[in-house]
>>> print(open('work-v5.tsv').read())   # TSV, C-alpha atoms
chain	number	residue	atom	x	y	z
A	604	MET	CA	25.08	-123.57	120.08
A	605	SER	CA	26.75	-122.05	117.03
A	606	LYS	CA	24.72	-121.06	114.08
A	607	SER	CA	25.66	-122.62	110.76
A	608	LYS	CA	26.51	-120.26	107.95
A	609	PRO	CA	23.90	-120.16	105.13
A	610	VAL	CA	25.08	-122.21	102.19
A	611	LEU	CA	24.90	-119.46	99.59
A	612	THR	CA	26.87	-116.98	101.72
A	613	SER	CA	29.66	-119.41	102.59
A	614	SER	CA	32.79	-119.73	100.48
A	615	LEU	CA	31.71	-123.19	99.34
A	616	GLY	CA	28.25	-121.88	98.46
A	617	LYS	CA	29.72	-119.07	96.39
A	618	LYS	CA	31.96	-121.55	94.57
A	619	LEU	CA	28.94	-123.72	93.81
A	620	VAL	CA	27.01	-120.74	92.44
A	621	MET	CA	30.03	-119.70	90.37
A	622	SER	CA	30.31	-123.23	88.99
A	623	LEU	CA	26.64	-123.41	88.01
A	624	THR	CA	26.57	-119.95	86.47
A	625	GLY	CA	29.86	-120.64	84.70
A	626	LEU	CA	28.57	-123.85	83.13
A	627	PHE	CA	25.39	-122.05	82.08
A	628	LEU	CA	27.53	-119.40	80.39
A	629	CYS	CA	29.52	-122.18	78.68
A	630	THR	CA	26.27	-123.54	77.25
A	631	PHE	CA	25.37	-120.07	76.03
A	632	LEU	CA	28.74	-119.76	74.28
A	633	ILE	CA	28.00	-122.88	72.22
A	634	VAL	CA	24.56	-121.62	71.15
A	635	HIS	CA	25.84	-118.11	70.48
A	636	LEU	CA	28.74	-119.37	68.38
A	637	ILE	CA	26.47	-121.60	66.26
A	638	GLY	CA	24.10	-118.70	65.65
A	639	ASN	CA	26.89	-116.26	64.85
A	640	PHE	CA	28.25	-118.61	62.21
A	641	GLN	CA	25.45	-117.13	60.08
A	642	LEU	CA	27.85	-114.21	59.60
A	643	PHE	CA	29.86	-116.41	57.24
A	644	SER	CA	26.85	-117.16	55.01
A	645	ASP	CA	27.24	-115.71	51.54
A	646	ASP	CA	23.71	-114.27	51.40
A	647	LEU	CA	24.19	-110.52	51.98
A	648	GLY	CA	23.43	-110.90	55.68
A	649	TYR	CA	19.98	-112.37	55.12
A	650	SER	CA	20.43	-115.38	57.43
A	651	PHE	CA	22.18	-113.43	60.18
A	652	ASN	CA	19.63	-110.61	60.25
A	653	ASN	CA	16.75	-113.09	60.49
A	654	TYR	CA	18.63	-114.89	63.27
A	655	ALA	CA	19.21	-111.57	65.11
A	656	TYR	CA	15.51	-110.72	65.00
A	657	PHE	CA	14.53	-114.19	66.21
A	658	MET	CA	17.00	-114.06	69.11
A	659	THR	CA	15.72	-110.67	70.29
A	660	HIS	CA	11.98	-111.26	69.88
A	661	PHE	CA	11.25	-114.95	70.58
A	662	THR	CA	9.81	-114.93	74.12
A	663	PRO	CA	11.55	-118.04	75.57
A	664	ILE	CA	14.90	-116.75	74.35
A	665	LYS	CA	14.20	-113.29	75.77
A	666	VAL	CA	13.48	-114.86	79.17
A	667	THR	CA	16.67	-116.92	78.92
A	668	SER	CA	18.61	-113.78	78.08
A	669	TYR	CA	17.60	-112.24	81.42
A	670	LEU	CA	18.92	-115.36	83.16
A	671	LEU	CA	22.10	-114.91	81.15
A	672	TYR	CA	22.55	-111.30	82.28
A	673	ALA	CA	21.91	-112.31	85.88
A	674	SER	CA	24.42	-115.17	85.60
A	675	ILE	CA	27.12	-112.84	84.28
A	676	ILE	CA	26.59	-110.38	87.13
A	677	ILE	CA	26.43	-113.06	89.84
A	678	HIS	CA	29.46	-114.88	88.42
A	679	ALA	CA	31.50	-111.67	88.36
A	680	VAL	CA	30.41	-110.45	91.81
A	681	TYR	CA	31.05	-113.79	93.51
A	682	ALA	CA	34.43	-114.08	91.80
A	683	LEU	CA	35.37	-110.63	93.13
A	684	ILE	CA	34.20	-111.50	96.66
A	685	LEU	CA	36.13	-114.78	96.71
A	686	THR	CA	39.27	-113.10	95.37
A	687	ILE	CA	39.13	-110.41	98.06
A	688	ARG	CA	38.51	-113.01	100.79
A	689	ASN	CA	41.38	-115.18	99.60
A	690	LYS	CA	43.78	-112.24	99.60
A	691	ALA	CA	42.59	-111.14	103.03
A	692	ALA	CA	43.09	-114.64	104.42
A	693	ARG	CA	46.62	-114.77	102.99
A	694	PRO	CA	48.03	-111.24	103.38
A	695	ILE	CA	51.65	-112.33	103.41
A	696	GLU	CA	53.08	-113.33	100.06
A	697	TYR	CA	54.75	-116.69	99.66
A	698	ASN	CA	58.15	-116.15	101.25
A	699	GLN	CA	58.73	-119.60	102.61
A	700	TYR	CA	56.58	-121.52	100.16
A	701	ASP	CA	56.34	-121.10	96.45
A	702	GLY	CA	52.60	-121.32	95.76
A	703	LYS	CA	53.19	-121.15	92.04
A	704	ALA	CA	54.58	-124.66	92.07
A	705	ASN	CA	51.12	-126.16	92.63
A	706	SER	CA	49.03	-123.82	90.48
A	707	THR	CA	48.74	-122.96	86.81
A	708	TRP	CA	49.11	-119.51	85.29
A	709	ASN	CA	45.39	-119.62	84.45
A	710	SER	CA	44.30	-120.23	88.03
A	711	ARG	CA	46.58	-117.51	89.44
A	712	ASN	CA	45.26	-114.93	86.97
A	713	MET	CA	41.54	-115.73	86.78
A	714	GLY	CA	40.79	-112.29	88.19
A	715	ILE	CA	42.70	-110.52	85.42
A	716	LEU	CA	41.22	-112.77	82.74
A	717	GLY	CA	37.73	-112.25	84.14
A	718	THR	CA	38.19	-108.49	84.19
A	719	ILE	CA	39.20	-108.47	80.53
A	720	LEU	CA	36.14	-110.55	79.70
A	721	LEU	CA	33.83	-108.29	81.71
A	722	VAL	CA	35.12	-105.23	79.83
A	723	PHE	CA	34.68	-107.17	76.59
A	724	ILE	CA	31.06	-108.07	77.41
A	725	VAL	CA	30.20	-104.43	78.14
A	726	THR	CA	31.92	-103.32	74.91
A	727	HIS	CA	30.23	-106.07	72.90
A	728	MET	CA	26.79	-105.22	74.28
A	729	GLN	CA	27.29	-101.54	73.52
A	730	ASN	CA	28.54	-102.15	69.98
A	731	PHE	CA	25.78	-104.53	68.95
A	732	TRP	CA	22.93	-105.23	71.38
A	733	PHE	CA	22.45	-101.60	72.45
A	734	GLN	CA	22.82	-100.28	68.90
A	735	TYR	CA	20.38	-102.88	67.60
A	736	LYS	CA	17.77	-102.13	70.24
A	737	PHE	CA	18.18	-98.39	70.76
A	738	GLY	CA	20.91	-97.03	68.52
A	739	THR	CA	21.68	-96.32	64.90
A	740	THR	CA	21.70	-99.77	63.32
A	741	PRO	CA	20.79	-99.26	59.63
A	742	TYR	CA	17.96	-100.99	57.79
A	743	VAL	CA	17.88	-103.36	54.85
A	744	GLU	CA	15.26	-104.75	52.48
A	745	TYR	CA	15.72	-108.16	50.85
A	746	ARG	CA	13.72	-108.97	47.72
A	747	THR	CA	13.92	-112.65	46.77
A	748	ASP	CA	12.37	-114.12	43.65
A	749	ILE	CA	10.52	-117.19	44.92
A	750	THR	CA	10.87	-118.97	41.57
A	751	THR	CA	14.57	-118.39	40.85
A	752	GLY	CA	15.93	-117.69	44.33
A	753	ASP	CA	17.66	-114.54	43.07
A	754	ARG	CA	18.03	-111.94	45.82
A	755	MET	CA	18.54	-108.18	45.75
A	756	THR	CA	19.01	-105.76	48.62
A	757	ASP	CA	18.33	-102.11	49.35
A	758	GLN	CA	20.17	-100.59	52.30
A	759	PHE	CA	19.05	-97.57	54.31
A	760	ASP	CA	21.03	-95.59	56.87
A	761	GLU	CA	17.84	-94.21	58.40
A	762	THR	CA	14.56	-95.95	59.11
A	763	PRO	CA	12.23	-95.77	56.08
A	764	ALA	CA	8.81	-94.40	56.97
A	765	THR	CA	7.10	-97.66	55.99
A	766	TYR	CA	9.31	-99.90	58.16
A	767	THR	CA	8.19	-101.22	61.54
A	768	GLY	CA	11.40	-102.93	62.68
A	769	TYR	CA	10.83	-106.26	60.97
A	770	ARG	CA	8.31	-107.27	58.31
A	771	THR	CA	8.05	-110.05	55.77
A	772	PHE	CA	5.49	-110.48	52.99
A	773	VAL	CA	5.10	-111.69	49.40
A	774	ASP	CA	4.50	-109.22	46.56
A	775	ASN	CA	3.87	-110.64	43.06
A	776	GLY	CA	6.09	-113.68	43.55
A	777	ILE	CA	8.76	-111.69	45.40
A	778	GLU	CA	9.45	-112.43	49.04
A	779	VAL	CA	10.18	-109.15	50.80
A	780	VAL	CA	11.98	-109.00	54.15
A	781	GLN	CA	12.50	-105.64	55.85
A	782	SER	CA	14.68	-105.60	58.96
A	783	LYS	CA	17.40	-103.89	60.89
A	784	ASP	CA	20.75	-104.62	59.27
A	785	LEU	CA	22.83	-105.91	62.16
A	786	TYR	CA	25.03	-107.67	59.61
A	787	ARG	CA	26.16	-104.31	58.23
A	788	GLN	CA	26.57	-103.02	61.80
A	789	VAL	CA	28.97	-105.90	62.44
A	790	ALA	CA	30.81	-105.36	59.14
A	791	VAL	CA	31.35	-101.65	59.83
A	792	THR	CA	32.35	-102.15	63.47
A	793	PHE	CA	34.99	-104.72	62.55
A	794	GLN	CA	36.70	-102.33	60.17
A	795	ASN	CA	38.18	-100.65	63.25
A	796	PRO	CA	41.59	-102.28	63.93
A	797	VAL	CA	41.50	-101.31	67.63
A	798	ILE	CA	38.18	-103.10	68.14
A	799	VAL	CA	39.36	-106.13	66.17
A	800	PHE	CA	42.56	-106.34	68.25
A	801	PHE	CA	40.61	-106.07	71.50
A	802	TYR	CA	38.16	-108.77	70.40
A	803	VAL	CA	40.99	-111.16	69.55
A	804	LEU	CA	42.72	-110.34	72.85
A	805	ALA	CA	39.46	-111.01	74.72
A	806	MET	CA	39.11	-114.37	72.99
A	807	ALA	CA	42.63	-115.27	74.12
A	808	ALA	CA	41.58	-114.34	77.67
A	809	LEU	CA	38.43	-116.43	77.22
A	810	SER	CA	40.55	-119.40	76.19
A	811	PHE	CA	42.72	-119.33	79.32
A	812	HIS	CA	39.69	-118.57	81.51
A	813	LEU	CA	37.73	-121.56	80.19
A	814	ILE	CA	40.63	-124.02	80.26
A	815	HIS	CA	40.82	-123.58	84.02
A	816	GLY	CA	37.21	-122.65	84.78
A	817	PHE	CA	35.45	-125.51	82.96
A	818	GLN	CA	37.31	-128.29	84.76
A	819	SER	CA	37.29	-126.39	88.05
A	820	ALA	CA	33.50	-126.06	87.91
A	821	PHE	CA	33.02	-129.82	87.62
A	822	GLN	CA	35.50	-130.44	90.42
A	823	THR	CA	33.58	-128.07	92.68
A	824	LEU	CA	30.37	-129.95	91.85
A	825	GLY	CA	32.08	-133.25	92.74
A	826	PHE	CA	32.64	-134.58	89.20
A	827	ASN	CA	36.32	-135.36	89.59
A	828	HIS	CA	36.48	-139.14	89.39
A	829	ARG	CA	39.53	-140.47	87.54
A	830	ARG	CA	37.25	-142.35	85.12
A	831	TYR	CA	35.98	-139.20	83.48
A	832	ILE	CA	38.22	-136.37	84.65
A	833	GLY	CA	40.37	-136.93	81.55
A	834	VAL	CA	37.34	-136.48	79.29
A	835	LEU	CA	36.29	-133.31	81.09
A	836	ARG	CA	39.83	-131.96	80.84
A	837	ALA	CA	39.91	-132.67	77.09
A	838	ILE	CA	36.54	-130.97	76.54
A	839	GLY	CA	37.68	-127.99	78.59
A	840	VAL	CA	40.98	-127.60	76.76
A	841	TRP	CA	40.13	-128.50	73.15
A	842	GLY	CA	36.44	-127.60	73.06
A	843	PHE	CA	36.12	-124.55	75.26
A	844	GLY	CA	39.75	-123.52	75.41
A	845	VAL	CA	40.58	-123.82	71.69
A	846	LEU	CA	37.65	-124.29	69.29
A	847	ILE	CA	35.14	-121.84	70.77
A	848	PRO	CA	37.56	-118.89	71.23
A	849	ILE	CA	39.00	-119.45	67.75
A	850	GLY	CA	35.49	-119.56	66.29
A	851	PHE	CA	34.61	-116.20	67.85
A	852	ALA	CA	37.99	-114.64	66.97
A	853	LEU	CA	37.58	-115.60	63.30
A	854	MET	CA	34.56	-113.30	62.96
A	855	PRO	CA	36.28	-109.91	63.46
A	856	LEU	CA	39.29	-111.14	61.48
A	857	TYR	CA	37.03	-112.28	58.63
A	858	PHE	CA	35.36	-108.86	58.30
A	859	PHE	CA	38.58	-106.89	58.77
A	860	PHE	CA	40.65	-108.76	56.20
A	861	LEU	CA	38.12	-110.21	53.76
A	862	LYS	CA	35.16	-107.82	53.69
>>> encode(input="work-v5.tsv", output="structure tokens")
Amino acid sequence: MSKSKPVLTSSLGKKLVMSLTGLFLCTFLIVHLIGNFQLFSDDLGYSFNNYAYFMTHFTPIKVTSYLLYASIIIHAVYALILTIRNKAARPIEYNQYDGKANSTWNSRNMGILGTILLVFIVTHMQNFWFQYKFGTTPYVEYRTDITTGDRMTDQFDETPATYTGYRTFVDNGIEVVQSKDLYRQVAVTFQNPVIVFFYVLAMAALSFHLIHGFQSAFQTLGFNHRRYIGVLRAIGVWGFGVLIPIGFALMPLYFFFLK
């Protein structure tokens, strides 16, 4: 009697895991984009810096972030394994049959697109997350008059002796917020044209990756009925393939050209 292959180690199982982790990452992209829109607020970085502290210190979000990191790693590893297996199962290139006729450019180059995105994620984490947690992110103090709403800032390149990472209090009608200035970290980083170009290139890769990956994930999960496949395709193309990558790409362009 033959033993059945465990679901998670089979090709189908790996595709299912990739689909689930991919859709989880799609959900994260929506939340991350909405939060990062605080960068466009004309408030000297006040909203974005408060958002950054909340995202890195609120316990449920911290737990979710570990699931996010695990999903990225699993998604990338399974994609690599499936790519290697597919190539091994088809060592001879299409001489008698043109496989390109039944596949899109996106699907044929998901490995390349995924590699660009993996490099981007590592670069992004190093530029911002690592610097915010362990590096040289500067500090800022916001002083807001509670009565008038007028706000002033003091910026510090090194940690003031009285700062503890994040603190807020009221002093004689003045709301004082002391925090790491990730907003300025972003502004300075996006003055580098090489980084800006790479970010925009990565968002182009993200667009092509999501246009194929979003619909493919639902098909793998069995959601491919003709009644709603058109809706899923539209969401994948216009939502995840166009709007989300453009939204992220606008941020480095905004700081490079307008700040």
>>> residues_around(input="work-v5.tsv", residues="region 786-795 of chain A", least_positions_apart="3", cutoff="6 Å", atoms="only C-alpha atoms", output="PDB file with C-alpha atoms, keeping the file's coordinate frame")
ATOM      1  CA  GLY A 648      23.430-110.900  55.680  1.00  0.00           C
ATOM      2  CA  ILE A 798      38.180-103.100  68.140  1.00  0.00           C
ATOM      3  CA  VAL A 799      39.360-106.130  66.170  1.00  0.00           C
ATOM      4  CA  PRO A 855      36.280-109.910  63.460  1.00  0.00           C
ATOM      5  CA  PHE A 858      35.360-108.860  58.300  1.00  0.00           C
ATOM      6  CA  PHE A 859      38.580-106.890  58.770  1.00  0.00           C
TER       7      PHE A 859
END
>>> atom_distance(input="work-v5.tsv", atom1="CA of Met806 (chain A)", atom2="CA of Leu720 (chain A)")
8.3 Å
>>> closest_residue(input="work-v5.tsv", among="A:Tyr831, A:Ile687, A:Gly842, A:Ile675", to="Val722 (chain A)", atoms="only C-alpha atoms")
A:Ile675
>>> closest_residue(input="work-v5.tsv", among="A:Asn827, A:Thr659, A:Thr624, A:Gln818", to="Phe733 (chain A)", atoms="all atoms listed in the file")
A:Thr659
>>> closest_residue(input="work-v5.tsv", among="A:Thr667, A:Asn712, A:Thr707, A:Thr823", to="Leu619 (chain A)", atoms="all atoms listed in the file")
A:Thr823
>>> closest_residue(input="work-v5.tsv", among="A:Ala837, A:Val634, A:Ile724, A:Leu626", to="Met658 (chain A)", atoms="only C-alpha atoms")
A:Val634
>>> atom_distance(input="work-v5.tsv", atom1="CA of Gly616 (chain A)", atom2="CA of Leu824 (chain A)")
10.6 Å
>>> closest_residue(input="work-v5.tsv", among="A:Leu809, A:Leu835, A:Ile664, A:Met755", to="Ile847 (chain A)", atoms="all atoms listed in the file")
A:Leu809
>>> decode(input="work-v5.tsv", residues="region 627-665 of chain A", atoms="N, CA and C atoms", output="PDB file, in the first residue's frame")
ATOM      1  N   PHE A 627      -2.573  37.076   2.562  1.00  0.00           N
ATOM      2  CA  PHE A 627      -2.298  37.771   3.820  1.00  0.00           C
ATOM      3  C   PHE A 627      -1.395  38.976   3.580  1.00  0.00           C
ATOM      4  N   LEU A 628      -0.387  38.811   2.733  1.00  0.00           N
ATOM      5  CA  LEU A 628       0.510  39.913   2.400  1.00  0.00           C
ATOM      6  C   LEU A 628      -0.233  41.005   1.626  1.00  0.00           C
ATOM      7  N   CYS A 629      -1.202  40.623   0.805  1.00  0.00           N
ATOM      8  CA  CYS A 629      -2.021  41.615   0.102  1.00  0.00           C
ATOM      9  C   CYS A 629      -2.813  42.466   1.092  1.00  0.00           C
ATOM     10  N   THR A 630      -3.354  41.807   2.120  1.00  0.00           N
ATOM     11  CA  THR A 630      -4.080  42.535   3.158  1.00  0.00           C
ATOM     12  C   THR A 630      -3.158  43.505   3.883  1.00  0.00           C
ATOM     13  N   PHE A 631      -1.950  43.044   4.173  1.00  0.00           N
ATOM     14  CA  PHE A 631      -0.974  43.916   4.824  1.00  0.00           C
ATOM     15  C   PHE A 631      -0.668  45.136   3.967  1.00  0.00           C
ATOM     16  N   LEU A 632      -0.549  44.950   2.659  1.00  0.00           N
ATOM     17  CA  LEU A 632      -0.239  46.073   1.772  1.00  0.00           C
ATOM     18  C   LEU A 632      -1.291  47.172   1.884  1.00  0.00           C
ATOM     19  N   ILE A 633      -2.558  46.788   1.983  1.00  0.00           N
ATOM     20  CA  ILE A 633      -3.630  47.778   2.103  1.00  0.00           C
ATOM     21  C   ILE A 633      -3.469  48.576   3.390  1.00  0.00           C
ATOM     22  N   VAL A 634      -3.270  47.863   4.504  1.00  0.00           N
ATOM     23  CA  VAL A 634      -3.133  48.525   5.807  1.00  0.00           C
ATOM     24  C   VAL A 634      -1.891  49.404   5.831  1.00  0.00           C
ATOM     25  N   HIS A 635      -0.794  48.882   5.298  1.00  0.00           N
ATOM     26  CA  HIS A 635       0.470  49.623   5.300  1.00  0.00           C
ATOM     27  C   HIS A 635       0.368  50.888   4.451  1.00  0.00           C
ATOM     28  N   LEU A 636      -0.305  50.775   3.319  1.00  0.00           N
ATOM     29  CA  LEU A 636      -0.459  51.946   2.443  1.00  0.00           C
ATOM     30  C   LEU A 636      -1.295  53.022   3.123  1.00  0.00           C
ATOM     31  N   ILE A 637      -2.398  52.627   3.755  1.00  0.00           N
ATOM     32  CA  ILE A 637      -3.258  53.597   4.445  1.00  0.00           C
ATOM     33  C   ILE A 637      -2.473  54.309   5.545  1.00  0.00           C
ATOM     34  N   GLY A 638      -1.703  53.541   6.314  1.00  0.00           N
ATOM     35  CA  GLY A 638      -0.909  54.152   7.370  1.00  0.00           C
ATOM     36  C   GLY A 638       0.164  55.075   6.832  1.00  0.00           C
ATOM     37  N   ASN A 639       0.818  54.662   5.759  1.00  0.00           N
ATOM     38  CA  ASN A 639       1.898  55.472   5.197  1.00  0.00           C
ATOM     39  C   ASN A 639       1.405  56.738   4.506  1.00  0.00           C
ATOM     40  N   PHE A 640       0.127  56.813   4.234  1.00  0.00           N
ATOM     41  CA  PHE A 640      -0.420  58.057   3.685  1.00  0.00           C
ATOM     42  C   PHE A 640      -0.267  59.220   4.665  1.00  0.00           C
ATOM     43  N   GLN A 641       0.033  58.890   5.944  1.00  0.00           N
ATOM     44  CA  GLN A 641       0.301  59.948   6.918  1.00  0.00           C
ATOM     45  C   GLN A 641       1.525  60.768   6.515  1.00  0.00           C
ATOM     46  N   LEU A 642       2.372  60.210   5.652  1.00  0.00           N
ATOM     47  CA  LEU A 642       3.542  60.944   5.177  1.00  0.00           C
ATOM     48  C   LEU A 642       3.160  62.201   4.405  1.00  0.00           C
ATOM     49  N   PHE A 643       1.961  62.201   3.825  1.00  0.00           N
ATOM     50  CA  PHE A 643       1.516  63.339   3.035  1.00  0.00           C
ATOM     51  C   PHE A 643       0.830  64.414   3.883  1.00  0.00           C
ATOM     52  N   SER A 644       0.655  64.149   5.175  1.00  0.00           N
ATOM     53  CA  SER A 644       0.011  65.129   6.055  1.00  0.00           C
ATOM     54  C   SER A 644       0.936  66.331   6.252  1.00  0.00           C
ATOM     55  N   ASP A 645       0.372  67.502   6.158  1.00  0.00           N
ATOM     56  CA  ASP A 645       1.155  68.731   6.301  1.00  0.00           C
ATOM     57  C   ASP A 645       1.206  69.142   7.771  1.00  0.00           C
ATOM     58  N   ASP A 646       1.876  68.306   8.589  1.00  0.00           N
ATOM     59  CA  ASP A 646       1.913  68.565  10.032  1.00  0.00           C
ATOM     60  C   ASP A 646       3.299  68.322  10.621  1.00  0.00           C
ATOM     61  N   LEU A 647       4.333  68.480   9.782  1.00  0.00           N
ATOM     62  CA  LEU A 647       5.730  68.354  10.226  1.00  0.00           C
ATOM     63  C   LEU A 647       6.073  66.935  10.677  1.00  0.00           C
ATOM     64  N   GLY A 648       5.328  65.958  10.175  1.00  0.00           N
ATOM     65  CA  GLY A 648       5.593  64.566  10.517  1.00  0.00           C
ATOM     66  C   GLY A 648       4.927  64.085  11.786  1.00  0.00           C
ATOM     67  N   TYR A 649       4.109  64.937  12.396  1.00  0.00           N
ATOM     68  CA  TYR A 649       3.468  64.598  13.669  1.00  0.00           C
ATOM     69  C   TYR A 649       2.615  63.330  13.559  1.00  0.00           C
ATOM     70  N   SER A 650       1.741  63.272  12.571  1.00  0.00           N
ATOM     71  CA  SER A 650       0.839  62.119  12.416  1.00  0.00           C
ATOM     72  C   SER A 650       1.618  60.853  12.109  1.00  0.00           C
ATOM     73  N   PHE A 651       2.596  60.955  11.214  1.00  0.00           N
ATOM     74  CA  PHE A 651       3.340  59.761  10.809  1.00  0.00           C
ATOM     75  C   PHE A 651       4.190  59.218  11.952  1.00  0.00           C
ATOM     76  N   ASN A 652       4.813  60.089  12.722  1.00  0.00           N
ATOM     77  CA  ASN A 652       5.651  59.618  13.828  1.00  0.00           C
ATOM     78  C   ASN A 652       4.813  58.961  14.925  1.00  0.00           C
ATOM     79  N   ASN A 653       3.622  59.492  15.178  1.00  0.00           N
ATOM     80  CA  ASN A 653       2.723  58.847  16.139  1.00  0.00           C
ATOM     81  C   ASN A 653       2.259  57.495  15.614  1.00  0.00           C
ATOM     82  N   TYR A 654       1.985  57.435  14.316  1.00  0.00           N
ATOM     83  CA  TYR A 654       1.588  56.173  13.678  1.00  0.00           C
ATOM     84  C   TYR A 654       2.719  55.154  13.762  1.00  0.00           C
ATOM     85  N   ALA A 655       3.964  55.586  13.513  1.00  0.00           N
ATOM     86  CA  ALA A 655       5.121  54.685  13.558  1.00  0.00           C
ATOM     87  C   ALA A 655       5.302  54.097  14.956  1.00  0.00           C
ATOM     88  N   TYR A 656       5.139  54.932  15.980  1.00  0.00           N
ATOM     89  CA  TYR A 656       5.279  54.428  17.347  1.00  0.00           C
ATOM     90  C   TYR A 656       4.174  53.417  17.662  1.00  0.00           C
ATOM     91  N   PHE A 657       2.952  53.734  17.263  1.00  0.00           N
ATOM     92  CA  PHE A 657       1.823  52.838  17.517  1.00  0.00           C
ATOM     93  C   PHE A 657       2.045  51.484  16.843  1.00  0.00           C
ATOM     94  N   MET A 658       2.513  51.503  15.596  1.00  0.00           N
ATOM     95  CA  MET A 658       2.693  50.263  14.839  1.00  0.00           C
ATOM     96  C   MET A 658       3.812  49.398  15.403  1.00  0.00           C
ATOM     97  N   THR A 659       4.763  49.986  16.102  1.00  0.00           N
ATOM     98  CA  THR A 659       5.896  49.214  16.619  1.00  0.00           C
ATOM     99  C   THR A 659       5.774  48.889  18.105  1.00  0.00           C
ATOM    100  N   HIS A 660       4.713  49.370  18.764  1.00  0.00           N
ATOM    101  CA  HIS A 660       4.601  49.134  20.202  1.00  0.00           C
ATOM    102  C   HIS A 660       3.244  48.585  20.644  1.00  0.00           C
ATOM    103  N   PHE A 661       2.235  48.608  19.785  1.00  0.00           N
ATOM    104  CA  PHE A 661       0.933  48.058  20.143  1.00  0.00           C
ATOM    105  C   PHE A 661       1.008  46.538  20.023  1.00  0.00           C
ATOM    106  N   THR A 662       0.783  45.823  21.120  1.00  0.00           N
ATOM    107  CA  THR A 662       1.052  44.387  21.195  1.00  0.00           C
ATOM    108  C   THR A 662       0.378  43.560  20.101  1.00  0.00           C
ATOM    109  N   PRO A 663      -0.927  43.710  19.833  1.00  0.00           N
ATOM    110  CA  PRO A 663      -1.538  42.905  18.756  1.00  0.00           C
ATOM    111  C   PRO A 663      -0.878  43.120  17.399  1.00  0.00           C
ATOM    112  N   ILE A 664      -0.450  44.344  17.136  1.00  0.00           N
ATOM    113  CA  ILE A 664       0.209  44.614  15.856  1.00  0.00           C
ATOM    114  C   ILE A 664       1.603  44.006  15.850  1.00  0.00           C
ATOM    115  N   LYS A 665       2.296  44.020  16.981  1.00  0.00           N
ATOM    116  CA  LYS A 665       3.613  43.401  17.056  1.00  0.00           C
ATOM    117  C   LYS A 665       3.513  41.903  16.791  1.00  0.00           C
TER     118      LYS A 665
END
